[in-house]
$ cat entry18.cif   # mmCIF, C-alpha atoms
data_structure
loop_
_atom_site.label_atom_id
_atom_site.label_comp_id
_atom_site.auth_asym_id
_atom_site.auth_seq_id
_atom_site.Cartn_x
_atom_site.Cartn_y
_atom_site.Cartn_z
CA MET A 43 104.56 88.80 125.74
CA ALA A 44 106.78 89.15 128.77
CA ASP A 45 109.93 87.26 127.83
CA LEU A 46 110.96 89.18 124.73
CA SER A 47 112.05 92.81 124.91
CA PRO A 48 109.61 95.29 123.38
CA ILE A 49 110.03 96.84 119.95
CA LYS A 50 111.15 100.43 120.50
CA PHE A 51 109.27 102.61 118.07
CA TYR A 52 110.54 106.21 117.75
CA PHE A 53 108.45 108.65 115.75
CA ASP A 54 107.76 112.32 115.11
CA PHE A 55 104.14 113.35 114.58
CA THR A 56 105.02 115.39 111.50
CA SER A 57 106.67 112.43 109.78
CA PRO A 58 104.51 110.83 107.05
CA TYR A 59 106.65 107.69 107.05
CA GLY A 60 106.30 107.57 110.84
CA TYR A 61 102.53 107.67 110.39
CA LEU A 62 102.60 104.89 107.81
CA ALA A 63 104.77 102.73 110.06
CA SER A 64 102.52 103.41 113.06
CA GLU A 65 99.67 101.84 111.12
CA ARG A 66 101.66 98.63 110.52
CA ILE A 67 103.94 98.08 113.50
CA GLU A 68 101.33 96.56 115.83
CA HIS A 69 100.50 93.82 113.36
CA ILE A 70 104.19 92.98 113.02
CA ALA A 71 104.65 93.05 116.79
CA ARG A 72 101.70 90.73 117.40
CA THR A 73 102.94 88.29 114.77
CA HIS A 74 106.19 87.92 116.68
CA GLN A 75 104.77 88.14 120.22
CA ARG A 76 106.40 91.44 121.03
CA ASP A 77 105.13 94.50 122.85
CA ILE A 78 105.80 97.99 121.55
CA SER A 79 107.28 100.85 123.51
CA TRP A 80 106.18 104.12 121.89
CA HIS A 81 108.74 106.93 121.82
CA PRO A 82 107.45 110.28 120.56
CA ILE A 83 110.36 112.53 119.64
CA VAL A 84 110.84 115.90 117.97
CA LEU A 85 113.24 115.51 115.09
CA GLY A 86 114.05 119.21 114.73
CA PHE A 87 116.34 118.96 117.72
CA ILE A 88 118.05 115.86 116.36
CA PHE A 89 118.41 117.16 112.80
CA LYS A 90 120.76 119.81 114.16
CA LEU A 91 123.13 117.05 115.22
CA THR A 92 122.98 115.22 111.91
CA GLU A 93 123.10 118.41 109.84
CA THR A 94 119.88 117.30 108.17
CA LYS A 95 116.79 119.09 106.95
CA PRO A 96 113.34 117.62 106.46
CA LEU A 97 113.37 115.70 103.16
CA VAL A 98 110.71 117.91 101.66
CA ASP A 99 112.83 121.02 102.22
CA ILE A 100 115.80 119.77 100.20
CA PRO A 101 116.06 120.90 96.55
CA LEU A 102 115.00 118.15 94.11
CA LYS A 103 114.13 115.75 96.93
CA GLY A 104 110.98 117.57 98.02
CA ASP A 105 108.93 116.78 94.93
CA TYR A 106 110.15 113.23 94.92
CA ALA A 107 109.29 112.78 98.59
CA HIS A 108 105.66 113.79 98.09
CA ARG A 109 105.34 111.29 95.26
CA ASP A 110 106.99 108.51 97.23
CA ILE A 111 104.87 109.15 100.31
CA ALA A 112 101.67 108.85 98.26
CA ARG A 113 102.93 105.70 96.54
CA SER A 114 103.96 104.11 99.85
CA ALA A 115 100.53 104.80 101.35
CA ARG A 116 98.76 103.29 98.34
CA GLN A 117 101.07 100.27 98.41
CA HIS A 118 99.84 99.40 101.90
CA GLN A 119 96.32 100.79 101.46
CA ILE A 120 96.67 103.29 104.28
CA SER A 121 94.63 106.50 104.15
CA LEU A 122 96.87 109.53 103.87
CA ASN A 123 96.11 113.09 102.77
CA MET A 124 99.19 115.29 102.81
CA PRO A 125 98.18 118.05 105.24
CA GLU A 126 98.75 121.77 105.12
CA PRO A 127 100.66 123.20 106.90
CA PHE A 128 103.45 120.65 106.62
CA PRO A 129 105.80 120.05 108.33
CA ILE A 130 104.58 121.27 111.72
CA GLY A 131 105.97 121.58 115.24
CA THR A 132 105.12 118.51 117.28
CA VAL A 133 106.17 119.45 120.79
CA ALA A 134 102.58 119.60 122.14
CA ALA A 135 101.58 116.27 120.59
CA ALA A 136 104.73 114.55 121.82
CA ARG A 137 104.27 115.96 125.33
CA ALA A 138 100.66 114.80 125.42
CA CYS A 139 101.80 111.26 124.64
CA LEU A 140 104.53 111.33 127.26
CA TRP A 141 102.01 112.55 129.81
CA ALA A 142 99.75 109.65 128.86
CA ARG A 143 102.62 107.18 129.07
CA ASP A 144 103.40 108.57 132.51
CA THR A 145 99.89 108.65 133.94
CA LYS A 146 97.57 106.40 131.91
CA PRO A 147 99.74 104.15 129.74
CA GLU A 148 96.77 102.02 128.68
CA ILE A 149 95.52 104.76 126.36
CA LEU A 150 98.89 105.56 124.77
CA PRO A 151 98.60 103.47 121.57
CA GLU A 152 95.14 104.84 120.85
CA LEU A 153 96.34 108.38 121.52
CA VAL A 154 99.24 107.95 119.10
CA HIS A 155 96.92 106.71 116.37
CA THR A 156 94.34 109.41 117.05
CA LEU A 157 96.88 112.23 116.83
CA TYR A 158 98.57 110.79 113.72
CA ARG A 159 95.26 110.23 111.91
CA SER A 160 93.94 113.65 112.96
CA TYR A 161 96.87 115.18 111.11
CA PHE A 162 97.48 112.83 108.18
CA VAL A 163 93.89 111.81 107.43
CA ASP A 164 91.70 114.64 108.72
CA GLY A 165 94.15 117.52 108.23
CA LEU A 166 93.86 118.83 111.79
CA ASP A 167 96.87 121.01 112.57
CA ILE A 168 98.13 119.29 115.71
CA SER A 169 100.89 121.82 116.26
CA SER A 170 98.40 123.74 118.41
CA THR A 171 97.76 122.65 121.97
CA ASP A 172 94.03 123.22 121.47
CA ASN A 173 93.87 120.76 118.60
CA VAL A 174 95.99 118.21 120.45
CA VAL A 175 93.58 118.36 123.36
CA ARG A 176 90.55 118.18 121.07
CA ALA A 177 91.91 115.04 119.41
CA ALA A 178 92.93 113.53 122.74
CA GLU A 179 89.44 113.99 124.17
CA THR A 180 88.11 111.42 121.72
CA THR A 181 90.26 108.81 123.49
CA GLY A 182 88.55 109.59 126.81
CA VAL A 183 91.16 112.02 128.12
CA GLU A 184 89.73 114.68 130.41
CA ARG A 185 90.23 118.07 128.75
CA GLN A 186 91.28 120.13 131.76
CA GLU A 187 93.56 117.42 133.08
CA LEU A 188 95.56 117.37 129.84
CA LEU A 189 95.59 121.17 129.54
CA ASP A 190 97.00 121.41 133.06
CA ALA A 191 99.60 118.78 132.29
CA LEU A 192 100.70 120.51 129.08
CA ALA A 193 101.10 123.79 130.96
CA GLY A 194 103.26 122.18 133.64
CA ALA A 195 107.00 121.63 133.95
CA ARG A 196 106.91 117.84 134.13
CA VAL A 197 106.00 117.17 130.46
CA LYS A 198 108.77 119.51 129.32
CA GLU A 199 111.24 117.50 131.31
CA LEU A 200 109.81 114.22 130.02
CA LEU A 201 110.24 115.29 126.38
CA LYS A 202 113.74 116.63 126.98
CA ASN A 203 114.75 113.31 128.54
CA GLU A 204 113.05 111.32 125.82
CA ILE A 205 114.98 113.11 123.08
CA GLU A 206 118.28 112.82 124.95
CA LEU A 207 117.76 109.10 125.42
CA ALA A 208 116.83 108.71 121.75
CA VAL A 209 120.02 110.46 120.64
CA SER A 210 122.09 108.28 122.99
CA ALA A 211 120.45 105.25 121.41
CA GLY A 212 121.52 106.47 117.95
CA VAL A 213 118.10 107.59 116.72
CA PHE A 214 118.28 110.13 113.89
CA GLY A 215 115.05 109.80 111.92
CA SER A 216 111.38 108.82 111.95
CA PRO A 217 110.28 106.13 112.13
CA PHE A 218 113.24 104.59 113.89
CA ILE A 219 112.94 101.15 115.37
CA ILE A 220 115.27 99.35 117.74
CA ILE A 221 114.92 95.65 118.46
CA ASP A 222 117.36 94.04 120.86
CA ASP A 223 119.93 96.77 119.98
CA GLU A 224 119.50 96.40 116.19
CA PRO A 225 118.46 99.72 114.57
CA PHE A 226 116.08 100.07 111.63
CA TRP A 227 115.42 103.44 110.02
CA GLY A 228 112.40 104.16 107.87
CA HIS A 229 108.99 102.85 106.99
CA ASP A 230 110.74 101.04 104.15
CA ARG A 231 112.63 98.91 106.67
CA LEU A 232 109.57 97.19 108.14
CA GLU A 233 110.38 94.24 105.90
CA HIS A 234 113.80 94.03 107.57
CA VAL A 235 112.11 94.37 110.96
CA ASP A 236 109.78 91.51 110.19
CA LYS A 237 112.60 89.30 108.90
CA TRP A 238 114.78 90.17 111.89
CA LEU A 239 112.04 89.28 114.36
CA GLU A 240 111.42 86.02 112.58
CA SER A 241 115.02 84.88 112.43
CA GLY A 242 116.74 86.83 115.22
CA GLY A 243 119.14 88.30 112.69
CA TRP A 244 119.95 86.64 109.40
CA MET B 597 111.15 94.52 73.90
CA ALA B 598 110.71 97.37 71.45
CA ASP B 599 107.31 98.80 72.34
CA LEU B 600 107.86 99.75 75.95
CA SER B 601 110.31 102.47 76.92
CA PRO B 602 113.44 101.23 78.67
CA ILE B 603 113.98 101.42 82.40
CA LYS B 604 116.45 104.24 83.01
CA PHE B 605 118.93 103.09 85.64
CA TYR B 606 121.17 105.83 87.10
CA PHE B 607 124.02 104.74 89.33
CA ASP B 608 127.34 105.79 90.84
CA PHE B 609 130.06 103.14 91.07
CA THR B 610 130.82 104.04 94.68
CA SER B 611 127.22 103.50 95.77
CA PRO B 612 126.64 100.21 97.61
CA TYR B 613 122.88 100.44 97.09
CA GLY B 614 123.55 101.10 93.40
CA TYR B 615 125.59 97.92 93.29
CA LEU B 616 122.84 95.92 95.01
CA ALA B 617 120.22 97.27 92.61
CA SER B 618 122.46 96.54 89.60
CA GLU B 619 122.38 92.88 90.60
CA ARG B 620 118.57 92.81 90.61
CA ILE B 621 117.33 95.23 87.96
CA GLU B 622 117.82 92.95 84.95
CA HIS B 623 115.62 90.26 86.44
CA ILE B 624 112.90 92.82 87.09
CA ALA B 625 113.27 94.26 83.58
CA ARG B 626 113.02 90.83 81.94
CA THR B 627 109.95 89.96 83.97
CA HIS B 628 108.19 92.99 82.55
CA GLN B 629 109.65 92.88 79.02
CA ARG B 630 111.63 96.06 79.38
CA ASP B 631 115.12 96.98 78.29
CA ILE B 632 117.47 98.89 80.57
CA SER B 633 119.33 102.05 79.70
CA TRP B 634 122.38 102.29 81.95
CA HIS B 635 123.34 105.78 83.14
CA PRO B 636 126.63 106.00 85.05
CA ILE B 637 126.80 109.27 86.98
CA VAL B 638 129.09 110.87 89.55
CA LEU B 639 127.05 111.89 92.55
CA GLY B 640 129.63 114.27 93.99
CA PHE B 641 128.64 116.86 91.42
CA ILE B 642 124.95 116.39 92.14
CA PHE B 643 125.29 116.37 95.93
CA LYS B 644 126.44 119.97 95.71
CA LEU B 645 123.01 120.88 94.31
CA THR B 646 121.09 118.97 96.94
CA GLU B 647 123.38 120.06 99.79
CA THR B 648 123.92 116.41 100.60
CA LYS B 649 126.87 114.38 101.77
CA PRO B 650 127.44 110.66 101.33
CA LEU B 651 125.34 108.86 103.95
CA VAL B 652 128.39 107.31 105.57
CA ASP B 653 129.91 110.76 106.20
CA ILE B 654 126.98 112.08 108.24
CA PRO B 655 127.23 111.86 112.04
CA LEU B 656 125.15 108.98 113.48
CA LYS B 657 124.04 107.84 110.02
CA GLY B 658 127.42 106.41 108.99
CA ASP B 659 127.40 103.48 111.40
CA TYR B 660 123.79 102.78 110.65
CA ALA B 661 124.42 102.82 106.90
CA HIS B 662 127.13 100.18 107.12
CA ARG B 663 124.82 97.93 109.10
CA ASP B 664 121.91 98.47 106.72
CA ILE B 665 124.05 97.85 103.62
CA ALA B 666 125.20 94.50 105.01
CA ARG B 667 121.66 93.54 105.99
CA SER B 668 120.28 94.51 102.57
CA ALA B 669 122.93 92.42 100.81
CA ARG B 670 122.18 89.40 103.00
CA GLN B 671 118.44 89.86 102.47
CA HIS B 672 118.91 89.34 98.74
CA GLN B 673 121.87 86.97 99.00
CA ILE B 674 124.17 89.25 97.04
CA SER B 675 127.93 89.10 97.72
CA LEU B 676 129.19 92.37 99.14
CA ASN B 677 132.38 93.17 101.02
CA MET B 678 132.57 96.80 102.04
CA PRO B 679 135.77 97.96 100.33
CA GLU B 680 138.55 100.22 101.52
CA PRO B 681 138.96 102.99 100.49
CA PHE B 682 135.30 104.00 100.51
CA PRO B 683 133.79 106.11 99.08
CA ILE B 684 135.97 106.61 96.00
CA GLY B 685 136.02 108.86 92.95
CA THR B 686 134.24 107.21 90.04
CA VAL B 687 134.98 109.49 87.11
CA ALA B 688 137.22 106.95 85.32
CA ALA B 689 134.77 104.07 85.76
CA ALA B 690 131.83 106.18 84.58
CA ARG B 691 133.77 107.43 81.57
CA ALA B 692 134.76 103.88 80.62
CA CYS B 693 131.09 102.90 80.59
CA LEU B 694 130.08 105.91 78.53
CA TRP B 695 132.84 105.09 76.05
CA ALA B 696 131.49 101.55 75.83
CA ARG B 697 127.92 102.77 75.39
CA ASP B 698 129.19 105.03 72.62
CA THR B 699 131.35 102.53 70.75
CA LYS B 700 130.41 98.96 71.73
CA PRO B 701 127.07 99.07 73.51
CA GLU B 702 126.74 95.29 73.48
CA ILE B 703 129.34 94.96 76.26
CA LEU B 704 127.93 97.73 78.49
CA PRO B 705 125.87 95.62 80.93
CA GLU B 706 128.77 93.21 81.47
CA LEU B 707 131.16 96.11 81.94
CA VAL B 708 128.88 97.66 84.57
CA HIS B 709 128.69 94.38 86.49
CA THR B 710 132.41 93.76 86.19
CA LEU B 711 133.35 97.18 87.54
CA TYR B 712 130.81 97.05 90.35
CA ARG B 713 131.85 93.53 91.42
CA SER B 714 135.54 94.39 91.15
CA TYR B 715 134.96 97.06 93.76
CA PHE B 716 132.25 95.63 96.01
CA VAL B 717 133.22 91.97 95.91
CA ASP B 718 136.95 91.87 95.11
CA GLY B 719 137.93 95.18 96.72
CA LEU B 720 139.71 96.54 93.64
CA ASP B 721 140.02 100.32 93.93
CA ILE B 722 138.39 101.37 90.67
CA SER B 723 139.09 105.04 91.25
CA SER B 724 142.35 104.49 89.35
CA THR B 725 142.31 104.40 85.57
CA ASP B 726 144.72 101.44 85.64
CA ASN B 727 142.33 99.33 87.68
CA VAL B 728 139.35 100.34 85.56
CA VAL B 729 141.22 99.20 82.47
CA ARG B 730 142.34 95.98 84.15
CA ALA B 731 138.75 95.13 85.09
CA ALA B 732 137.45 96.13 81.66
CA GLU B 733 139.92 93.84 79.89
CA THR B 734 138.12 90.83 81.34
CA THR B 735 135.09 91.80 79.28
CA GLY B 736 137.15 91.67 76.05
CA VAL B 737 137.95 95.37 75.87
CA GLU B 738 141.28 96.10 74.21
CA ARG B 739 143.57 97.72 76.78
CA GLN B 740 145.17 100.40 74.62
CA GLU B 741 141.90 101.35 72.98
CA LEU B 742 140.29 102.11 76.35
CA LEU B 743 143.39 103.89 77.66
CA ASP B 744 143.36 106.15 74.59
CA ALA B 745 139.66 106.82 75.01
CA LEU B 746 140.02 107.70 78.70
CA ALA B 747 142.81 110.14 77.86
CA GLY B 748 140.73 111.88 75.19
CA ALA B 749 138.30 114.78 75.31
CA ARG B 750 135.24 112.90 74.11
CA VAL B 751 134.62 110.84 77.28
CA LYS B 752 134.90 113.96 79.41
CA GLU B 753 132.20 115.56 77.33
CA LEU B 754 130.05 112.42 77.48
CA LEU B 755 130.17 112.33 81.28
CA LYS B 756 129.49 116.04 81.61
CA ASN B 757 126.42 115.68 79.38
CA GLU B 758 125.28 112.56 81.18
CA ILE B 759 125.30 114.32 84.55
CA GLU B 760 123.58 117.42 83.19
CA LEU B 761 120.84 115.28 81.67
CA ALA B 762 120.47 113.34 84.91
CA VAL B 763 120.05 116.54 86.91
CA SER B 764 117.47 117.82 84.40
CA ALA B 765 115.61 114.56 84.86
CA GLY B 766 115.51 115.12 88.63
CA VAL B 767 118.10 112.51 89.59
CA PHE B 768 119.70 113.13 93.00
CA GLY B 769 120.85 109.74 94.30
CA SER B 770 122.02 106.25 93.45
CA PRO B 771 120.41 104.06 92.39
CA PHE B 772 117.81 106.23 90.75
CA ILE B 773 115.33 104.69 88.37
CA ILE B 774 112.94 106.39 85.98
CA ILE B 775 110.16 104.49 84.25
CA ASP B 776 107.87 106.39 81.91
CA ASP B 777 108.64 109.60 83.86
CA GLU B 778 107.98 108.05 87.28
CA PRO B 779 111.05 108.37 89.56
CA PHE B 780 112.17 105.78 92.11
CA TRP B 781 115.09 106.44 94.45
CA GLY B 782 116.98 103.71 96.24
CA HIS B 783 117.61 100.00 96.21
CA ASP B 784 114.74 99.81 98.69
CA ARG B 785 112.33 101.03 96.01
CA LEU B 786 112.76 98.02 93.69
CA GLU B 787 109.55 96.66 95.14
CA HIS B 788 107.78 99.84 94.02
CA VAL B 789 109.48 99.52 90.62
CA ASP B 790 108.24 95.97 90.24
CA LYS B 791 104.71 96.90 91.29
CA TRP B 792 104.70 99.93 89.02
CA LEU B 793 105.81 97.88 86.01
CA GLU B 794 103.18 95.30 86.74
CA SER B 795 100.27 97.69 87.09
CA GLY B 796 101.38 100.82 85.24
CA GLY B 797 100.94 102.84 88.40
CA TRP B 798 98.65 101.80 91.21
#
$ encode --input "entry18.cif" --output "structure tokens"
Amino acid sequence: MADLSPIKFYFDFTSPYGYLASERIEHIARTHQRDISWHPIVLGFIFKLTETKPLVDIPLKGDYAHRDIARSARQHQISLNMPEPFPIGTVAAARACLWARDTKPEILPELVHTLYRSYFVDGLDISSTDNVVRAAETTGVERQELLDALAGARVKELLKNEIELAVSAGVFGSPFIIIDDEPFWGHDRLEHVDKWLESGGW
Amino acid sequence: MADLSPIKFYFDFTSPYGYLASERIEHIARTHQRDISWHPIVLGFIFKLTETKPLVDIPLKGDYAHRDIARSARQHQISLNMPEPFPIGTVAAARACLWARDTKPEILPELVHTLYRSYFVDGLDISSTDNVVRAAETTGVERQELLDALAGARVKELLKNEIELAVSAGVFGSPFIIIDDEPFWGHDRLEHVDKWLESGGW
């Protein structure tokens, strides 16, 4: 899968549609012989730029969103239990992934899935560093090594850079996918993604 | 098609996704033996409640929206030329449709399509009463009769009621579809609509 540029997959760990897309993007990528580059971001910082609030916090839209999320999960037969609390801060989870990408990239996809499922299937509140580390341990991460990393300055810098790069690339939501400079926003655009990869634009 | 409740189709004439959905909803309705009740609304009034702006006016999202609209039209092979000016006020067009629904309901679907295509295919600025009447004449409407109606108090009242009822029903976007109390928001939810009609929920 070396010739084609990877699918850039931007996501926030508190985004239900990001979770749903994370469960489907690898199948799509494999079908079209693409790799995935995983980009954990924290939307709170970006929402300030786009004057946006989380969908569930907007009058009228909140109720609808919960219904649509459940329907979308059932449509694709993906396990999802809306967690409480929701939404949550995802700085620790994002930093853990960026540390993994930096130091042991081979575990990154599994770490992404583990953290997402811990929150959206098992209801583990991954806003806490303790719970992020607990979930990460199941992927073979050494507890103290991750705790040290999360306490250090490097992961802060990595996340700051990651978000700045995402904004420069035009990312404003989760999931957000970029393929050869073409942007796709939302779990509901995976059909477009698939069609785009098949035809190279249409 | 008398036994099943109609598909309630809410739309704003300046909404590109509303236009795209208007070109597809009748096929879906026929497939599932449903009628359609057409509900022209003016989103500007509703956006105040949801603290929303048109997608194209939001930083970062505007460029993306134009790209996604074009892609969505091509996906379904529907003619669409993004008009200028855009967005536009749609009070006159909505009132014309409510007048038709009130006095000659048999022409309503054709009037909806004619107005939408006049704007999104031919680029006619249907924010002006003159252009609304010009487009409506092609559906057999008598010019002076519609002009008189649009100048009267009744259509104002009809539109005011229509929007109030839409808000009570939880409508906050375009297109917005309600089937047996289940809400669906967006052209990108027609797949859900189709699945829902087929299975009665899933």
$ interface_residues --input "entry18.cif" --of "chain A" --to "chain B" --cutoff "8 Å" --atoms "only C-alpha atoms" --output "PyMOL selection string"
chain A and resi 91-93+100-103+106+110+113+116-117+212-214+225-226+230+244
$ atom_distance --input "entry18.cif" --atom1 "CA of Phe682 in chain B" --atom2 "CA of His229 in chain A"
27.1 Å
$ residues_near_point --input "entry18.cif" --point "(112.0, 95.2, 83.0)" --cutoff "12 Å" --atoms "only C-alpha atoms" --output "PyMOL selection string"
chain B and resi 597-598+600-605+620-633+773-776+786+789-794
$ atom_distance --input "entry18.cif" --atom1 "CA of Phe162 in chain A" --atom2 "CA of Val183 in chain A"
20.9 Å
$ residues_around --input "entry18.cif" --residues "Leu153 in chain A" --least-positions-apart "4" --cutoff "7 Å" --atoms "all atoms listed in the file" --output "PyMOL selection string"
chain A and resi 139+149+157+178+181
$ write_last_selection --input "entry18.cif" --atoms "C-alpha atoms" --output "tab-separated table (two decimals), in the frame of the given file"
chain	number	residue	atom	x	y	z
A	139	CYS	CA	101.80	111.26	124.64
A	149	ILE	CA	95.52	104.76	126.36
A	157	LEU	CA	96.88	112.23	116.83
A	178	ALA	CA	92.93	113.53	122.74
A	181	THR	CA	90.26	108.81	123.49
$ residues_around --input "entry18.cif" --residues "Asp190 in chain A" --least-positions-apart "4" --cutoff "12 Å" --atoms "all atoms listed in the file" --output "PDB file with C-alpha atoms, in the frame of the given file"
ATOM      1  CA  ARG A 137     104.270 115.960 125.330  1.00  0.00           C
ATOM      2  CA  ALA A 138     100.660 114.800 125.420  1.00  0.00           C
ATOM      3  CA  TRP A 141     102.010 112.550 129.810  1.00  0.00           C
ATOM      4  CA  THR A 171      97.760 122.650 121.970  1.00  0.00           C
ATOM      5  CA  VAL A 175      93.580 118.360 123.360  1.00  0.00           C
ATOM      6  CA  GLU A 184      89.730 114.680 130.410  1.00  0.00           C
ATOM      7  CA  ARG A 185      90.230 118.070 128.750  1.00  0.00           C
ATOM      8  CA  GLN A 186      91.280 120.130 131.760  1.00  0.00           C
ATOM      9  CA  GLY A 194     103.260 122.180 133.640  1.00  0.00           C
ATOM     10  CA  ALA A 195     107.000 121.630 133.950  1.00  0.00           C
ATOM     11  CA  ARG A 196     106.910 117.840 134.130  1.00  0.00           C
ATOM     12  CA  VAL A 197     106.000 117.170 130.460  1.00  0.00           C
TER      13      VAL A 197
END
$ atom_distance --input "entry18.cif" --atom1 "CA of Pro636 in chain B" --atom2 "CA of Asp608 in chain B"
5.8 Å
$ residues_near_point --input "entry18.cif" --point "(114.5, 106.7, 120.5)" --cutoff "6 Å" --atoms "all atoms listed in the file" --output "list of chain:residue names"
A:Tyr52, A:His81, A:Ala208, A:Val213
$ write_last_selection --input "entry18.cif" --atoms "C-alpha atoms" --output "PDB file, in the frame of the given file"
ATOM      1  CA  TYR A  52     110.540 106.210 117.750  1.00  0.00           C
ATOM      2  CA  HIS A  81     108.740 106.930 121.820  1.00  0.00           C
ATOM      3  CA  ALA A 208     116.830 108.710 121.750  1.00  0.00           C
ATOM      4  CA  VAL A 213     118.100 107.590 116.720  1.00  0.00           C
TER       5      VAL A 213
END
$ resolve_selection --input "entry18.cif" --expression "the PyMOL selection byres ((chain A and resi 133) around 9)" --output "mmCIF file with C-alpha atoms, in the coordinates of the input"
data_model
loop_
_atom_site.group_PDB
_atom_site.id
_atom_site.type_symbol
_atom_site.label_atom_id
_atom_site.label_comp_id
_atom_site.auth_asym_id
_atom_site.auth_seq_id
_atom_site.Cartn_x
_atom_site.Cartn_y
_atom_site.Cartn_z
ATOM 1 C CA PHE A 55 104.140 113.350 114.580
ATOM 2 C CA ILE A 83 110.360 112.530 119.640
ATOM 3 C CA VAL A 84 110.840 115.900 117.970
ATOM 4 C CA GLY A 131 105.970 121.580 115.240
ATOM 5 C CA THR A 132 105.120 118.510 117.280
ATOM 6 C CA ALA A 134 102.580 119.600 122.140
ATOM 7 C CA ALA A 135 101.580 116.270 120.590
ATOM 8 C CA ALA A 136 104.730 114.550 121.820
ATOM 9 C CA ARG A 137 104.270 115.960 125.330
ATOM 10 C CA ALA A 138 100.660 114.800 125.420
ATOM 11 C CA SER A 169 100.890 121.820 116.260
ATOM 12 C CA LYS A 198 108.770 119.510 129.320
ATOM 13 C CA LEU A 201 110.240 115.290 126.380
#
$ axis_aligned_box --input "entry18.cif" --around "range 615-630 of chain B" --padding-each-side "5 Å" --output "lines of an AutoDock Vina configuration file"
center_x = 116.9
center_y = 93.9
center_z = 87.0
size_x = 27.4
size_y = 18.0
size_z = 26.0
$ closest_residue --input "entry18.cif" --among "A:Thr180, A:Ser160, A:Asn203, A:Gln119" --to "Leu140 in chain A" --atoms "all atoms listed in the file"
A:Asn203
$ closest_residue --input "entry18.cif" --among "A:Asp144, A:Asp223, A:Asp172, A:Glu187" --to "Glu199 in chain A" --atoms "only C-alpha atoms"
A:Asp144
$ closest_residue --input "entry18.cif" --among "B:Pro612, B:Gly640, B:Pro771, B:Pro701" --to "Ala666 in chain B" --atoms "only C-alpha atoms"
B:Pro612
$ closest_residue --input "entry18.cif" --among "B:Ala617, B:Val708, B:Lys700, B:Ser611" --to "His662 in chain B" --atoms "only C-alpha atoms"
B:Ser611
